[in-house]
Amino acid sequence: MDEKKIKIPYNKPFIVGQELYYIAQAVIEGQLAGDGPFTKRCHKWLEDNLGCRKALLTHSCTASLEMAAMLCGIQPEDEVIMPSFTFVSTANAFVLRGAVPVFVDIRPDTLNIDEKLIEQALSPKTRAIVPVHYAGVPCAMDEILEIARKNKLYVIEDAAQSLLSTYKDRFLGTIGHLGCLSFHETKNIISGEGGALLINDDMFCERGEVIREKGTNRSQFFRGEVDKYTWVDIGSSYLPSELVSAFLFAQMEQADKIIRTRNRIFQTYLYLLRPLESEGKLRLPFVGNESSNNGHIFYIIVSSLEQRDGLIKYLNSHGIKAIFHYVPLHSSPAGRKYGRASGEMKQTNSLSDRLVRLPLYYGMKDDEVYLVTEHISNFFKG
């Protein structure tokens, strides 16, 4: 439909604090390239609030995943375990190193990788497991870590959607060897484009800085640890500009407020749509007891692909931008070329066809939530 007719968008980027003031401050202070004062403040915020060993801002979560692949020494023909129900960057980061993504089916409750299917997907070539915390809901990390320990594998958390969500009182992204965050404009805490690599094992700290700085020891030079900097390893230019970091730091200062607001909207959806779930019309998102939710995505599961497409079309016709989510990677042209599926992928195929994401953004008003749920109810009434 005509996007101009959309009254309630799926997402709306927002300003919540001193974003514009900090951007102006960065310009006045005269350092716009990466690793300036605001970048350092963001690093400190992540380290202090999440408890990782080291945080490194990047220009995207994709960049963080690419760095993680390099840090883990992923080589051609290595295999990396991951769900198929994820964004392409999860796989691309490892395909770029010549590795083979091995896609594992998801659980029907959380839509996360099914930990019970991981071991049958392993081979002598397996080097890492990449759990993706869908919608900010944690994977079964205890079981995944135990599988990794027994098989001497790295664990790289794709926590793109998961900032400030927890698993058994630990923040997602800080549980595996490495964690990757996103600050894309569709996420909870935003900088337009942006990401971060969370390093949770000391052995990666020094090399992580080198890879991020184009393979040079520039960070050590600026700390006075070497008398000059030079090319010492592989790497690329993964730093965000100071303007991005300035915007992001203002959002970080208001992170608790943003998460509370999103969770309130999430809970309102739950309350208003519960009757439809009780009637068997749809299924609501999983809410676990061992985690805290960051309110990133509110989705519903309907009965069929045809019903999903019909509901999306109906909501769009009433000015409400609802959307589906991932086309499973194992069924994509590149997924078939570069990766392989382990097993039938029954849940992935079924759930991806039936999922609808509803509008949820900071600043969304209660009457907008009521309107969305009213139209959903009207759709099911026929």
# chains A, B, ... in the order shown; residues from 1 in each chain; ligands from 1
$ closest_atom_pairs --of "range 155-216 of chain A" --to "range 241-257 of chain A" --cutoff "9 Å" --atoms "only C-alpha atoms" --output "tab-separated table"
residue	atom	partner	partner_atom	distance
A:Leu164	CA	A:Ala255	CA	8.7
A:Phe183	CA	A:Leu248	CA	7.9
A:Asn188	CA	A:Ala255	CA	8.4
A:Ile189	CA	A:Gln251	CA	6.0
A:Ile190	CA	A:Leu248	CA	6.2
A:Ser191	CA	A:Leu248	CA	4.9
A:Gly192	CA	A:Val244	CA	7.6
A:Glu193	CA	A:Val244	CA	7.8
A:Gly194	CA	A:Val244	CA	7.5
$ atom_distance --atom1 "CA of Asn294 in chain A" --atom2 "CA of Lys116 in chain A"
25.5 Å
$ residues_around --residues "range 83-89 of chain A" --least-positions-apart "3" --cutoff "6 Å" --atoms "only C-alpha atoms" --output "number ranges by chain"
A: 62, 92-93, 103-104, 113, 328-330
$ residues_around --residues "Cys205 in chain A" --least-positions-apart "3" --cutoff "12 Å" --atoms "only C-alpha atoms" --output "PyMOL selection string"
chain A and resi 52-56+67-68+71+177-178+197-202+208-212+219-220
$ select_by_dssp --residues "range 71-267 of chain A" --states "helix (DSSP H, G or I)" --output "PDB file with C-alpha atoms, in the first residue's frame"
ATOM      1  CA  LEU A  71      38.873 -13.568  16.496  1.00  0.00           C
ATOM      2  CA  VAL A  88      21.536 -12.911   6.883  1.00  0.00           C
ATOM      3  CA  SER A  89      24.427 -11.234   8.761  1.00  0.00           C
ATOM      4  CA  THR A  90      24.563 -14.140  11.212  1.00  0.00           C
ATOM      5  CA  ALA A  91      25.628 -16.430   8.376  1.00  0.00           C
ATOM      6  CA  ASN A  92      27.421 -13.936   6.132  1.00  0.00           C
ATOM      7  CA  ALA A  93      30.069 -13.127   8.731  1.00  0.00           C
ATOM      8  CA  PHE A  94      31.283 -16.726   8.633  1.00  0.00           C
ATOM      9  CA  VAL A  95      30.744 -17.347   4.926  1.00  0.00           C
ATOM     10  CA  GLU A 115      19.577 -26.869  21.945  1.00  0.00           C
ATOM     11  CA  LYS A 116      18.513 -30.521  21.828  1.00  0.00           C
ATOM     12  CA  LEU A 117      19.309 -30.665  18.105  1.00  0.00           C
ATOM     13  CA  ILE A 118      22.757 -29.080  18.228  1.00  0.00           C
ATOM     14  CA  GLU A 119      24.858 -32.149  18.981  1.00  0.00           C
ATOM     15  CA  GLN A 120      23.503 -34.106  16.012  1.00  0.00           C
ATOM     16  CA  ALA A 121      24.572 -31.202  13.766  1.00  0.00           C
ATOM     17  CA  TYR A 134      15.195 -13.922  19.017  1.00  0.00           C
ATOM     18  CA  ALA A 135      13.078 -10.948  20.162  1.00  0.00           C
ATOM     19  CA  GLY A 136      15.382 -10.495  23.169  1.00  0.00           C
ATOM     20  CA  MET A 141      22.595 -20.931  27.334  1.00  0.00           C
ATOM     21  CA  ASP A 142      23.501 -23.434  30.066  1.00  0.00           C
ATOM     22  CA  GLU A 143      22.937 -26.346  27.710  1.00  0.00           C
ATOM     23  CA  ILE A 144      24.660 -24.594  24.790  1.00  0.00           C
ATOM     24  CA  LEU A 145      27.711 -23.733  26.894  1.00  0.00           C
ATOM     25  CA  GLU A 146      27.969 -27.331  28.077  1.00  0.00           C
ATOM     26  CA  ILE A 147      27.864 -28.628  24.487  1.00  0.00           C
ATOM     27  CA  ALA A 148      30.552 -26.102  23.557  1.00  0.00           C
ATOM     28  CA  ARG A 149      32.715 -27.072  26.520  1.00  0.00           C
ATOM     29  CA  LYS A 150      32.530 -30.787  25.757  1.00  0.00           C
ATOM     30  CA  ASN A 151      33.388 -30.230  22.105  1.00  0.00           C
ATOM     31  CA  ASP A 202      40.612 -11.927  28.107  1.00  0.00           C
ATOM     32  CA  MET A 203      42.375 -13.828  25.324  1.00  0.00           C
ATOM     33  CA  PHE A 204      40.420 -11.821  22.737  1.00  0.00           C
ATOM     34  CA  CYS A 205      40.863  -8.302  24.169  1.00  0.00           C
ATOM     35  CA  GLU A 206      44.126  -7.200  22.580  1.00  0.00           C
ATOM     36  CA  ARG A 207      43.502  -8.786  19.191  1.00  0.00           C
ATOM     37  CA  GLY A 208      39.955  -7.412  19.136  1.00  0.00           C
ATOM     38  CA  GLU A 209      41.351  -3.871  19.209  1.00  0.00           C
ATOM     39  CA  VAL A 210      43.792  -4.726  16.410  1.00  0.00           C
ATOM     40  CA  ILE A 211      41.173  -6.240  14.093  1.00  0.00           C
ATOM     41  CA  ARG A 212      38.858  -3.272  14.673  1.00  0.00           C
ATOM     42  CA  ARG A 218      46.972   1.891  16.869  1.00  0.00           C
ATOM     43  CA  SER A 219      45.048   1.605  20.153  1.00  0.00           C
ATOM     44  CA  GLN A 220      48.211   0.520  21.976  1.00  0.00           C
ATOM     45  CA  PHE A 221      50.082   3.444  20.418  1.00  0.00           C
ATOM     46  CA  PHE A 222      47.564   5.987  21.709  1.00  0.00           C
ATOM     47  CA  GLU A 242      32.058  10.109  16.809  1.00  0.00           C
ATOM     48  CA  LEU A 243      28.736  11.582  15.634  1.00  0.00           C
ATOM     49  CA  VAL A 244      27.164   8.123  15.825  1.00  0.00           C
ATOM     50  CA  SER A 245      28.692   7.532  19.260  1.00  0.00           C
ATOM     51  CA  ALA A 246      27.444  10.898  20.527  1.00  0.00           C
ATOM     52  CA  PHE A 247      23.877  10.060  19.514  1.00  0.00           C
ATOM     53  CA  LEU A 248      24.203   6.582  20.996  1.00  0.00           C
ATOM     54  CA  PHE A 249      25.535   7.747  24.342  1.00  0.00           C
ATOM     55  CA  ALA A 250      22.517  10.016  24.818  1.00  0.00           C
ATOM     56  CA  GLN A 251      20.302   6.968  24.240  1.00  0.00           C
ATOM     57  CA  MET A 252      22.341   4.873  26.677  1.00  0.00           C
ATOM     58  CA  GLU A 253      21.757   7.489  29.377  1.00  0.00           C
ATOM     59  CA  ALA A 255      18.207   3.098  28.416  1.00  0.00           C
ATOM     60  CA  ASP A 256      16.201   2.103  31.486  1.00  0.00           C
ATOM     61  CA  LYS A 257      13.418   4.520  30.578  1.00  0.00           C
ATOM     62  CA  ILE A 258      13.321   3.232  26.986  1.00  0.00           C
ATOM     63  CA  ILE A 259      13.165  -0.420  28.060  1.00  0.00           C
ATOM     64  CA  ARG A 260      10.446   0.297  30.644  1.00  0.00           C
ATOM     65  CA  THR A 261       8.364   2.063  28.002  1.00  0.00           C
ATOM     66  CA  ARG A 262       8.727  -0.756  25.478  1.00  0.00           C
ATOM     67  CA  ASN A 263       7.887  -3.359  28.123  1.00  0.00           C
ATOM     68  CA  ARG A 264       4.746  -1.447  29.071  1.00  0.00           C
ATOM     69  CA  ILE A 265       3.623  -1.478  25.425  1.00  0.00           C
ATOM     70  CA  PHE A 266       4.509  -5.184  25.212  1.00  0.00           C
ATOM     71  CA  GLN A 267       2.434  -5.969  28.305  1.00  0.00           C
TER      72      GLN A 267
END
$ select_by_dssp --residues "range 319-358 of chain A" --states "strand (DSSP E or B)" --output "short mmCIF file (atom, residue, chain, number, x, y, z; two decimals) with N, CA and C atoms, in the first residue's frame"
data_model
loop_
_atom_site.label_atom_id
_atom_site.label_comp_id
_atom_site.auth_asym_id
_atom_site.auth_seq_id
_atom_site.Cartn_x
_atom_site.Cartn_y
_atom_site.Cartn_z
N ILE A 320 -2.09 0.45 9.34
CA ILE A 320 -1.23 -0.14 10.37
C ILE A 320 -0.17 -1.00 9.68
N ILE A 323 4.27 -6.53 9.74
CA ILE A 323 5.15 -7.20 8.79
C ILE A 323 5.50 -8.61 9.27
N ARG A 340 24.26 -25.52 4.85
CA ARG A 340 23.47 -26.75 4.76
C ARG A 340 22.57 -26.84 6.00
N ALA A 341 21.46 -27.51 5.82
CA ALA A 341 20.52 -27.71 6.93
C ALA A 341 20.81 -29.02 7.61
N SER A 342 20.67 -29.02 8.93
CA SER A 342 20.78 -30.24 9.71
C SER A 342 19.37 -30.64 10.13
N LEU A 355 4.25 -16.02 11.30
CA LEU A 355 4.57 -14.97 12.27
C LEU A 355 4.25 -13.58 11.71
N VAL A 356 3.64 -12.77 12.54
CA VAL A 356 3.34 -11.36 12.20
C VAL A 356 3.90 -10.48 13.31
N ARG A 357 4.72 -9.51 12.91
CA ARG A 357 5.25 -8.53 13.88
C ARG A 357 4.35 -7.30 13.90
N LEU A 358 4.00 -6.85 15.10
CA LEU A 358 3.12 -5.70 15.26
C LEU A 358 3.94 -4.45 15.58
#
$ residues_around --residues "Phe14 in chain A" --least-positions-apart "4" --cutoff "9 Å" --atoms "only C-alpha atoms" --output "list in words"
Glu185, Ile190, Tyr361, Tyr362 and Gly363 of chain A
$ write_last_selection --atoms "N, CA and C atoms" --output "compact mmCIF listing (two decimals), in the first residue's frame"
# COMPACT_ATOMS: atom_id res chain seq x y z
N GLU A 185 18.41 1.48 13.72
CA GLU A 185 17.26 2.31 14.09
C GLU A 185 16.02 1.50 14.46
N ILE A 190 19.25 3.13 19.92
CA ILE A 190 19.60 3.30 18.51
C ILE A 190 20.67 4.36 18.29
N TYR A 361 7.22 0.76 19.23
CA TYR A 361 8.31 1.72 19.21
C TYR A 361 8.16 2.68 20.38
N TYR A 362 9.28 3.25 20.80
CA TYR A 362 9.25 4.24 21.87
C TYR A 362 8.40 5.42 21.39
N GLY A 363 7.48 5.85 22.21
CA GLY A 363 6.59 6.94 21.82
C GLY A 363 5.25 6.46 21.30
